[in-house]
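Structure file input-v8.csv (CSV, N, CA and C atoms) follows.
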chain,number,residue,atom,x,y,z
A,1,MET,N,130.8,90.7,74.7
A,1,MET,CA,130.1,91.9,74.9
A,1,MET,C,129.0,92.0,73.8
A,2,GLU,N,127.8,92.2,74.3
A,2,GLU,CA,126.7,92.4,73.4
A,2,GLU,C,126.5,93.8,73.0
A,3,ILE,N,125.9,94.0,71.8
A,3,ILE,CA,125.8,95.3,71.3
A,3,ILE,C,124.9,96.2,72.1
A,4,ASN,N,123.8,95.6,72.6
A,4,ASN,CA,122.9,96.4,73.4
A,4,ASN,C,123.5,96.8,74.7
A,5,THR,N,124.3,96.0,75.3
A,5,THR,CA,125.0,96.3,76.5
A,5,THR,C,126.0,97.4,76.3
A,6,ILE,N,126.7,97.4,75.2
A,6,ILE,CA,127.7,98.5,74.8
A,6,ILE,C,126.9,99.8,74.7
A,7,GLU,N,125.8,99.8,74.0
A,7,GLU,CA,125.0,101.0,73.8
A,7,GLU,C,124.5,101.6,75.2
A,8,LYS,N,124.0,100.7,76.0
A,8,LYS,CA,123.5,101.1,77.4
A,8,LYS,C,124.6,101.7,78.2
A,9,GLU,N,125.8,101.0,78.2
A,9,GLU,CA,126.9,101.5,79.0
A,9,GLU,C,127.5,102.8,78.4
A,10,SER,N,127.4,102.9,77.1
A,10,SER,CA,127.9,104.2,76.5
A,10,SER,C,127.1,105.4,76.9
A,11,ILE,N,125.8,105.2,77.2
A,11,ILE,CA,125.0,106.3,77.7
A,11,ILE,C,125.5,106.8,79.0
A,12,LYS,N,125.9,105.9,79.9
A,12,LYS,CA,126.5,106.3,81.2
A,12,LYS,C,127.8,107.1,81.0
A,13,ILE,N,128.6,106.6,80.2
A,13,ILE,CA,129.9,107.3,79.9
A,13,ILE,C,129.6,108.7,79.3
A,14,PHE,N,128.7,108.7,78.3
A,14,PHE,CA,128.3,109.9,77.7
A,14,PHE,C,127.8,111.0,78.7
A,15,LEU,N,127.0,110.5,79.6
A,15,LEU,CA,126.4,111.4,80.7
A,15,LEU,C,127.5,112.0,81.5
A,16,VAL,N,128.5,111.2,81.9
A,16,VAL,CA,129.7,111.7,82.7
A,16,VAL,C,130.4,112.7,81.9
A,17,LEU,N,130.7,112.4,80.6
A,17,LEU,CA,131.4,113.4,79.7
A,17,LEU,C,130.5,114.7,79.5
A,18,LEU,N,129.2,114.5,79.5
A,18,LEU,CA,128.3,115.6,79.3
A,18,LEU,C,128.3,116.5,80.5
A,19,ILE,N,128.4,115.9,81.7
A,19,ILE,CA,128.5,116.8,82.9
A,19,ILE,C,129.8,117.5,82.9
A,20,ILE,N,130.9,116.9,82.5
A,20,ILE,CA,132.2,117.6,82.5
A,20,ILE,C,132.2,118.7,81.4
A,21,SER,N,131.6,118.4,80.3
A,21,SER,CA,131.6,119.4,79.2
A,21,SER,C,130.6,120.5,79.6
A,22,GLY,N,129.5,120.2,80.4
A,22,GLY,CA,128.6,121.2,80.9
A,22,GLY,C,129.3,122.2,81.9
A,23,ILE,N,130.2,121.6,82.7
A,23,ILE,CA,131.0,122.5,83.7
A,23,ILE,C,131.9,123.4,82.9
A,24,VAL,N,132.6,122.8,81.8
A,24,VAL,CA,133.5,123.6,81.0
A,24,VAL,C,132.7,124.7,80.3
A,25,SER,N,131.5,124.3,79.8
A,25,SER,CA,130.6,125.3,79.0
A,25,SER,C,130.2,126.4,80.0
A,26,ALA,N,129.8,126.1,81.2
A,26,ALA,CA,129.4,127.1,82.1
A,26,ALA,C,130.6,128.0,82.5
A,27,PHE,N,131.7,127.4,82.7
A,27,PHE,CA,132.9,128.2,83.0
A,27,PHE,C,133.4,129.1,81.9
A,28,LEU,N,133.3,128.7,80.7
A,28,LEU,CA,133.7,129.5,79.5
A,28,LEU,C,132.5,130.2,78.9
A,29,HIS,N,131.3,130.1,79.4
A,29,HIS,CA,130.1,130.8,78.9
A,29,HIS,C,129.9,130.5,77.4
A,30,SER,N,130.0,129.2,77.1
A,30,SER,CA,129.7,128.8,75.7
A,30,SER,C,129.1,127.4,75.7
A,31,ILE,N,128.0,127.3,75.1
A,31,ILE,CA,127.3,126.0,75.1
A,31,ILE,C,127.8,125.1,74.0
A,32,SER,N,128.7,125.6,73.2
A,32,SER,CA,129.3,124.8,72.1
A,32,SER,C,130.0,123.5,72.5
A,33,TYR,N,130.5,123.5,73.7
A,33,TYR,CA,131.2,122.3,74.2
A,33,TYR,C,130.3,121.2,74.4
A,34,SER,N,129.1,121.4,75.0
A,34,SER,CA,128.1,120.4,75.3
A,34,SER,C,127.5,120.0,74.0
A,35,LEU,N,127.1,120.9,73.1
A,35,LEU,CA,126.5,120.6,71.9
A,35,LEU,C,127.4,119.8,70.9
A,36,GLY,N,128.7,120.1,71.0
A,36,GLY,CA,129.6,119.4,70.2
A,36,GLY,C,129.7,117.9,70.6
A,37,LEU,N,129.7,117.7,71.9
A,37,LEU,CA,129.8,116.4,72.5
A,37,LEU,C,128.5,115.6,72.1
A,38,VAL,N,127.4,116.2,72.2
A,38,VAL,CA,126.1,115.6,71.8
A,38,VAL,C,126.1,115.2,70.3
A,39,LEU,N,126.6,116.1,69.4
A,39,LEU,CA,126.6,115.9,68.0
A,39,LEU,C,127.6,114.7,67.7
A,40,GLY,N,128.8,114.7,68.3
A,40,GLY,CA,129.7,113.6,68.1
A,40,GLY,C,129.2,112.3,68.6
A,41,TYR,N,128.5,112.3,69.7
A,41,TYR,CA,128.0,111.0,70.3
A,41,TYR,C,126.9,110.5,69.4
A,42,LEU,N,126.0,111.3,68.9
A,42,LEU,CA,124.9,110.9,68.1
A,42,LEU,C,125.4,110.3,66.8
A,43,LEU,N,126.4,111.0,66.2
A,43,LEU,CA,127.0,110.5,64.9
A,43,LEU,C,127.8,109.2,65.2
A,44,ASN,N,128.4,109.1,66.4
A,44,ASN,CA,129.1,107.9,66.7
A,44,ASN,C,128.1,106.7,66.9
A,45,LEU,N,127.0,106.9,67.5
A,45,LEU,CA,126.0,105.9,67.6
A,45,LEU,C,125.5,105.4,66.2
A,46,PHE,N,125.3,106.4,65.4
A,46,PHE,CA,124.9,106.0,64.0
A,46,PHE,C,126.0,105.2,63.3
A,47,ILE,N,127.2,105.6,63.4
A,47,ILE,CA,128.3,104.9,62.8
A,47,ILE,C,128.4,103.5,63.4
A,48,PHE,N,128.2,103.4,64.7
A,48,PHE,CA,128.2,102.1,65.3
A,48,PHE,C,127.2,101.1,64.7
A,49,ARG,N,126.0,101.6,64.4
A,49,ARG,CA,125.0,100.9,63.7
A,49,ARG,C,125.4,100.5,62.3
A,50,VAL,N,126.1,101.4,61.6
A,50,VAL,CA,126.6,101.1,60.3
A,50,VAL,C,127.6,100.0,60.3
A,51,ILE,N,128.5,100.0,61.4
A,51,ILE,CA,129.5,99.0,61.5
A,51,ILE,C,128.8,97.6,61.8
A,52,GLN,N,127.7,97.6,62.5
A,52,GLN,CA,127.0,96.4,62.6
A,52,GLN,C,126.5,95.8,61.3
A,53,VAL,N,126.0,96.7,60.4
A,53,VAL,CA,125.5,96.3,59.1
A,53,VAL,C,126.7,95.8,58.3
A,54,GLU,N,127.8,96.5,58.4
A,54,GLU,CA,129.0,96.1,57.7
A,54,GLU,C,129.5,94.7,58.2
A,55,ALA,N,129.5,94.4,59.5
A,55,ALA,CA,129.9,93.1,60.0
A,55,ALA,C,129.0,92.0,59.5
A,56,ASP,N,127.7,92.3,59.5
A,56,ASP,CA,126.7,91.3,59.0
A,56,ASP,C,127.0,91.0,57.5
A,57,ALA,N,127.3,92.0,56.7
A,57,ALA,CA,127.6,91.8,55.3
A,57,ALA,C,128.9,91.0,55.1
A,58,ILE,N,129.9,91.2,56.0
A,58,ILE,CA,131.1,90.4,55.8
A,58,ILE,C,130.8,89.0,56.3
A,59,LEU,N,130.1,88.8,57.4
A,59,LEU,CA,129.9,87.4,57.8
A,59,LEU,C,129.0,86.6,56.9
A,60,ASN,N,128.0,87.3,56.3
A,60,ASN,CA,127.1,86.6,55.4
A,60,ASN,C,127.8,86.4,54.0
A,61,SER,N,128.7,87.2,53.7
A,61,SER,CA,129.6,87.1,52.5
A,61,SER,C,128.8,86.7,51.2
A,62,TYR,N,128.4,87.7,50.5
A,62,TYR,CA,127.7,87.5,49.2
A,62,TYR,C,128.6,87.6,48.0
A,63,GLY,N,129.9,87.3,48.2
A,63,GLY,CA,130.8,87.3,47.0
A,63,GLY,C,131.2,88.7,46.6
A,64,LYS,N,131.2,89.0,45.3
A,64,LYS,CA,131.6,90.3,44.8
A,64,LYS,C,130.7,91.4,45.3
A,65,LEU,N,129.5,91.1,45.5
A,65,LEU,CA,128.6,92.2,46.0
A,65,LEU,C,129.0,92.7,47.4
A,66,THR,N,129.6,91.8,48.2
A,66,THR,CA,130.1,92.2,49.5
A,66,THR,C,131.2,93.2,49.4
A,67,VAL,N,132.1,93.0,48.5
A,67,VAL,CA,133.3,93.9,48.4
A,67,VAL,C,132.8,95.3,48.1
A,68,GLY,N,131.9,95.4,47.1
A,68,GLY,CA,131.3,96.7,46.8
A,68,GLY,C,130.5,97.4,47.9
A,69,LEU,N,129.8,96.5,48.6
A,69,LEU,CA,129.0,97.0,49.8
A,69,LEU,C,130.0,97.5,50.9
A,70,ILE,N,131.0,96.8,51.1
A,70,ILE,CA,132.0,97.2,52.2
A,70,ILE,C,132.7,98.6,51.8
A,71,ILE,N,133.0,98.7,50.5
A,71,ILE,CA,133.6,100.0,50.0
A,71,ILE,C,132.6,101.1,50.2
A,72,ILE,N,131.4,100.9,49.8
A,72,ILE,CA,130.3,102.0,50.0
A,72,ILE,C,130.1,102.3,51.5
A,73,ILE,N,130.0,101.3,52.3
A,73,ILE,CA,129.8,101.5,53.7
A,73,ILE,C,131.0,102.3,54.3
A,74,SER,N,132.2,101.9,53.9
A,74,SER,CA,133.4,102.6,54.5
A,74,SER,C,133.4,104.1,54.0
A,75,LEU,N,133.1,104.3,52.8
A,75,LEU,CA,133.0,105.7,52.3
A,75,LEU,C,131.9,106.5,53.0
A,76,ALA,N,130.8,105.8,53.3
A,76,ALA,CA,129.7,106.5,54.0
A,76,ALA,C,130.1,106.8,55.5
A,77,LYS,N,130.9,106.0,56.1
A,77,LYS,CA,131.3,106.3,57.5
A,77,LYS,C,132.3,107.5,57.4
A,78,LEU,N,133.2,107.5,56.5
A,78,LEU,CA,134.1,108.7,56.3
A,78,LEU,C,133.3,109.9,56.1
A,79,GLY,N,132.2,109.8,55.3
A,79,GLY,CA,131.4,111.0,55.0
A,79,GLY,C,130.7,111.5,56.3
A,80,ILE,N,130.2,110.6,57.1
A,80,ILE,CA,129.5,110.9,58.4
A,80,ILE,C,130.5,111.6,59.3
A,81,TYR,N,131.7,111.1,59.4
A,81,TYR,CA,132.7,111.7,60.3
A,81,TYR,C,133.0,113.1,59.7
A,82,ALA,N,133.2,113.2,58.4
A,82,ALA,CA,133.5,114.5,57.8
A,82,ALA,C,132.3,115.5,58.0
A,83,LEU,N,131.1,115.0,58.0
A,83,LEU,CA,129.9,115.9,58.2
A,83,LEU,C,130.0,116.5,59.6
A,84,GLY,N,130.3,115.7,60.6
A,84,GLY,CA,130.4,116.2,62.0
A,84,GLY,C,131.4,117.3,62.1
A,85,PHE,N,132.6,117.0,61.5
A,85,PHE,CA,133.7,118.0,61.6
A,85,PHE,C,133.3,119.2,60.8
A,86,LEU,N,132.7,119.1,59.7
A,86,LEU,CA,132.3,120.2,58.8
A,86,LEU,C,131.3,121.1,59.6
A,87,LEU,N,130.4,120.5,60.3
A,87,LEU,CA,129.4,121.3,61.1
A,87,LEU,C,130.1,122.0,62.2
A,88,ALA,N,131.1,121.4,62.8
A,88,ALA,CA,131.9,122.0,63.9
A,88,ALA,C,132.7,123.2,63.3
A,89,ILE,N,133.2,123.0,62.1
A,89,ILE,CA,134.1,124.1,61.5
A,89,ILE,C,133.2,125.3,61.0
A,90,LYS,N,132.0,124.9,60.4
A,90,LYS,CA,131.2,126.0,59.9
A,90,LYS,C,130.3,126.7,60.9
A,91,CYS,N,130.1,126.0,62.0
A,91,CYS,CA,129.2,126.6,63.1
A,91,CYS,C,130.0,126.5,64.4
A,92,PRO,N,131.1,127.3,64.6
A,92,PRO,CA,131.8,127.1,65.8
A,92,PRO,C,131.1,127.7,67.0
A,93,ASN,N,130.1,128.5,66.8
A,93,ASN,CA,129.3,129.0,68.0
A,93,ASN,C,128.4,128.0,68.6
A,94,PHE,N,128.1,126.9,67.7
A,94,PHE,CA,127.2,125.9,68.2
A,94,PHE,C,127.9,124.6,68.5
A,95,PHE,N,128.9,124.2,67.8
A,95,PHE,CA,129.6,123.0,68.0
A,95,PHE,C,131.1,123.2,68.1
A,96,ASN,N,131.7,122.7,69.2
A,96,ASN,CA,133.1,122.8,69.4
A,96,ASN,C,133.8,121.6,68.7
A,97,LEU,N,134.8,121.9,67.9
A,97,LEU,CA,135.5,120.9,67.2
A,97,LEU,C,136.1,119.8,68.1
A,98,PHE,N,136.7,120.2,69.1
A,98,PHE,CA,137.3,119.2,70.1
A,98,PHE,C,136.3,118.3,70.7
A,99,SER,N,135.1,118.9,71.1
A,99,SER,CA,134.0,118.2,71.7
A,99,SER,C,133.4,117.2,70.7
A,100,VAL,N,133.3,117.5,69.5
A,100,VAL,CA,132.8,116.6,68.5
A,100,VAL,C,133.8,115.4,68.4
A,101,PHE,N,135.1,115.7,68.4
A,101,PHE,CA,136.1,114.7,68.3
A,101,PHE,C,136.0,113.8,69.5
A,102,VAL,N,135.8,114.3,70.7
A,102,VAL,CA,135.7,113.5,71.9
A,102,VAL,C,134.4,112.6,71.8
A,103,GLY,N,133.3,113.2,71.3
A,103,GLY,CA,132.1,112.5,71.1
A,103,GLY,C,132.2,111.3,70.2
A,104,TYR,N,133.1,111.4,69.2
A,104,TYR,CA,133.3,110.2,68.4
A,104,TYR,C,133.9,109.0,69.1
A,105,PHE,N,134.5,109.3,70.2
A,105,PHE,CA,135.2,108.2,70.9
A,105,PHE,C,134.5,107.6,72.1
A,106,VAL,N,133.2,108.0,72.3
A,106,VAL,CA,132.4,107.5,73.4
A,106,VAL,C,132.2,105.9,73.4
A,107,ILE,N,131.9,105.4,72.2
A,107,ILE,CA,131.7,104.0,72.0
A,107,ILE,C,133.0,103.3,72.3
A,108,LYS,N,134.1,103.8,71.7
A,108,LYS,CA,135.4,103.1,71.9
A,108,LYS,C,135.8,103.2,73.4
A,109,LEU,N,135.6,104.3,74.0
A,109,LEU,CA,135.9,104.3,75.5
A,109,LEU,C,135.0,103.3,76.3
A,110,THR,N,133.8,103.2,75.8
A,110,THR,CA,132.9,102.2,76.5
A,110,THR,C,133.4,100.8,76.3
A,111,ILE,N,133.8,100.4,75.1
A,111,ILE,CA,134.4,99.1,74.9
A,111,ILE,C,135.6,98.9,75.7
A,112,PHE,N,136.5,99.8,75.8
A,112,PHE,CA,137.7,99.7,76.6
A,112,PHE,C,137.4,99.6,78.1
A,113,TYR,N,136.4,100.4,78.5
A,113,TYR,CA,136.0,100.3,79.9
A,113,TYR,C,135.4,99.0,80.3
A,114,MET,N,134.5,98.5,79.4
A,114,MET,CA,133.9,97.2,79.7
A,114,MET,C,134.9,96.1,79.7
A,115,GLY,N,135.9,96.1,78.8
A,115,GLY,CA,136.9,95.1,78.8
A,115,GLY,C,137.8,95.2,80.0
A,116,TYR,N,138.1,96.4,80.5
A,116,TYR,CA,138.9,96.5,81.7
A,116,TYR,C,138.1,96.0,82.9
A,117,ARG,N,136.8,96.3,82.9
A,117,ARG,CA,136.0,95.9,84.1
A,117,ARG,C,135.8,94.4,84.1
A,118,THR,N,135.7,93.7,83.0
A,118,THR,CA,135.5,92.3,83.0
A,118,THR,C,136.9,91.6,83.3
A,119,ARG,N,138.0,92.2,82.9
A,119,ARG,CA,139.3,91.6,83.3
A,119,ARG,C,139.5,91.7,84.8
A,120,LYS,N,139.1,92.8,85.3
A,120,LYS,CA,139.3,93.1,86.8
A,120,LYS,C,138.5,92.1,87.6
A,121,GLU,N,137.3,91.7,87.1
A,121,GLU,CA,136.5,90.7,87.9
A,121,GLU,C,137.0,89.4,87.7

Now that the file is in, can you turn its structure into C-alpha cells?
Amino acid sequence: MEINTIEKESIKIFLVLLIISGIVSAFLHSISYSLGLVLGYLLNLFIFRVIQVEADAILNSYGKLTVGLIIIISLAKLGIYALGFLLAIKCPNFFNLFSVFVGYFVIKLTIFYMGYRTRKE
C-alpha cells in the first residue's frame, strides 16, 4: 500500500463518516459531532505524516541521534493527540469528544479496509 493511496482512500471513508455524523448532528441539533470528526481527521492526517518522518528516521538510522529523534517524535504525537482531546474537553459546544476519537481512527480504518479489499480480490 502506498502512502498516497492510503490518504486518497481515507478521504472517501472520512466523507462517509462525515455524512453519518452530519445526520447525527442534524438529529441532535449540534454541529459539534461533525466538527469533532473534522478535527480528529485533520490531526490524524498530520500524525500520519509525522509517522512517515519517524519511519524514514528509523530506516536511515543515524545512530544515537535517531533514538533521540524517535523519542521526540513520539512525545510530539502524544502531544498532538492530547491537544485534540483538550480542545474537545474545553470547547464541547464546538467539538464532540467521541467524534474526535473516531476521527483519530480514519487512517487506521482505511488501512484495514484496503487490506480487506486486497485479500478479497

Radius query 7 Å about (130.5, 122.8, 76.0), atoms used: only C-alpha atoms, as a ChimeraX atom specification: /A:21-22,24-25,30-36

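When CA of Ala82 (chain A) is paired with atom C of Asn96 (chain A), their separation reads 13.0 Å.
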
Selected residue of minimal separation from Ile13 (chain A) among A:Leu43, A:Gly84, A:Met114, A:Val106, counting all atoms listed in the file: A:Val106

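Residues surrounding Leu42 (chain A) within 7 Å are Leu37, Ile47 and Gly103 of chain A [only N, CA and C atoms; sequence separation below 5 positions excluded].
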
Same residues, N, CA and C atoms, saved as a PDB file, in the frame of the given file:
ATOM      1  N   LEU A  37     129.700 117.700  71.900  1.00  0.00           N
ATOM      2  CA  LEU A  37     129.800 116.400  72.500  1.00  0.00           C
ATOM      3  C   LEU A  37     128.500 115.600  72.100  1.00  0.00           C
ATOM      4  N   ILE A  47     127.200 105.600  63.400  1.00  0.00           N
ATOM      5  CA  ILE A  47     128.300 104.900  62.800  1.00  0.00           C
ATOM      6  C   ILE A  47     128.400 103.500  63.400  1.00  0.00           C
ATOM      7  N   GLY A 103     133.300 113.200  71.300  1.00  0.00           N
ATOM      8  CA  GLY A 103     132.100 112.500  71.100  1.00  0.00           C
ATOM      9  C   GLY A 103     132.200 111.300  70.200  1.00  0.00           C
TER      10      GLY A 103
END

Spatial sel., origin (127.6, 98.3, 56.4), limit 6.5 Å, all atoms listed in the file, listed as a PyMOL selection string: chain A and resi 50-55+57+69-70+73-74

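Atom to atom, atom N of Gly68 (chain A) and atom C of Asp56 (chain A) stand 12.3 Å apart.
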
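Nearest to Phe101 (chain A) of all the residues A:Phe46, A:Ile72, A:Arg119, A:Tyr41 is A:Tyr41, counting only N, CA and C atoms.
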
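Atom pair atom C of Val100 (chain A) / CA of Tyr113 (chain A): separated by 19.1 Å.
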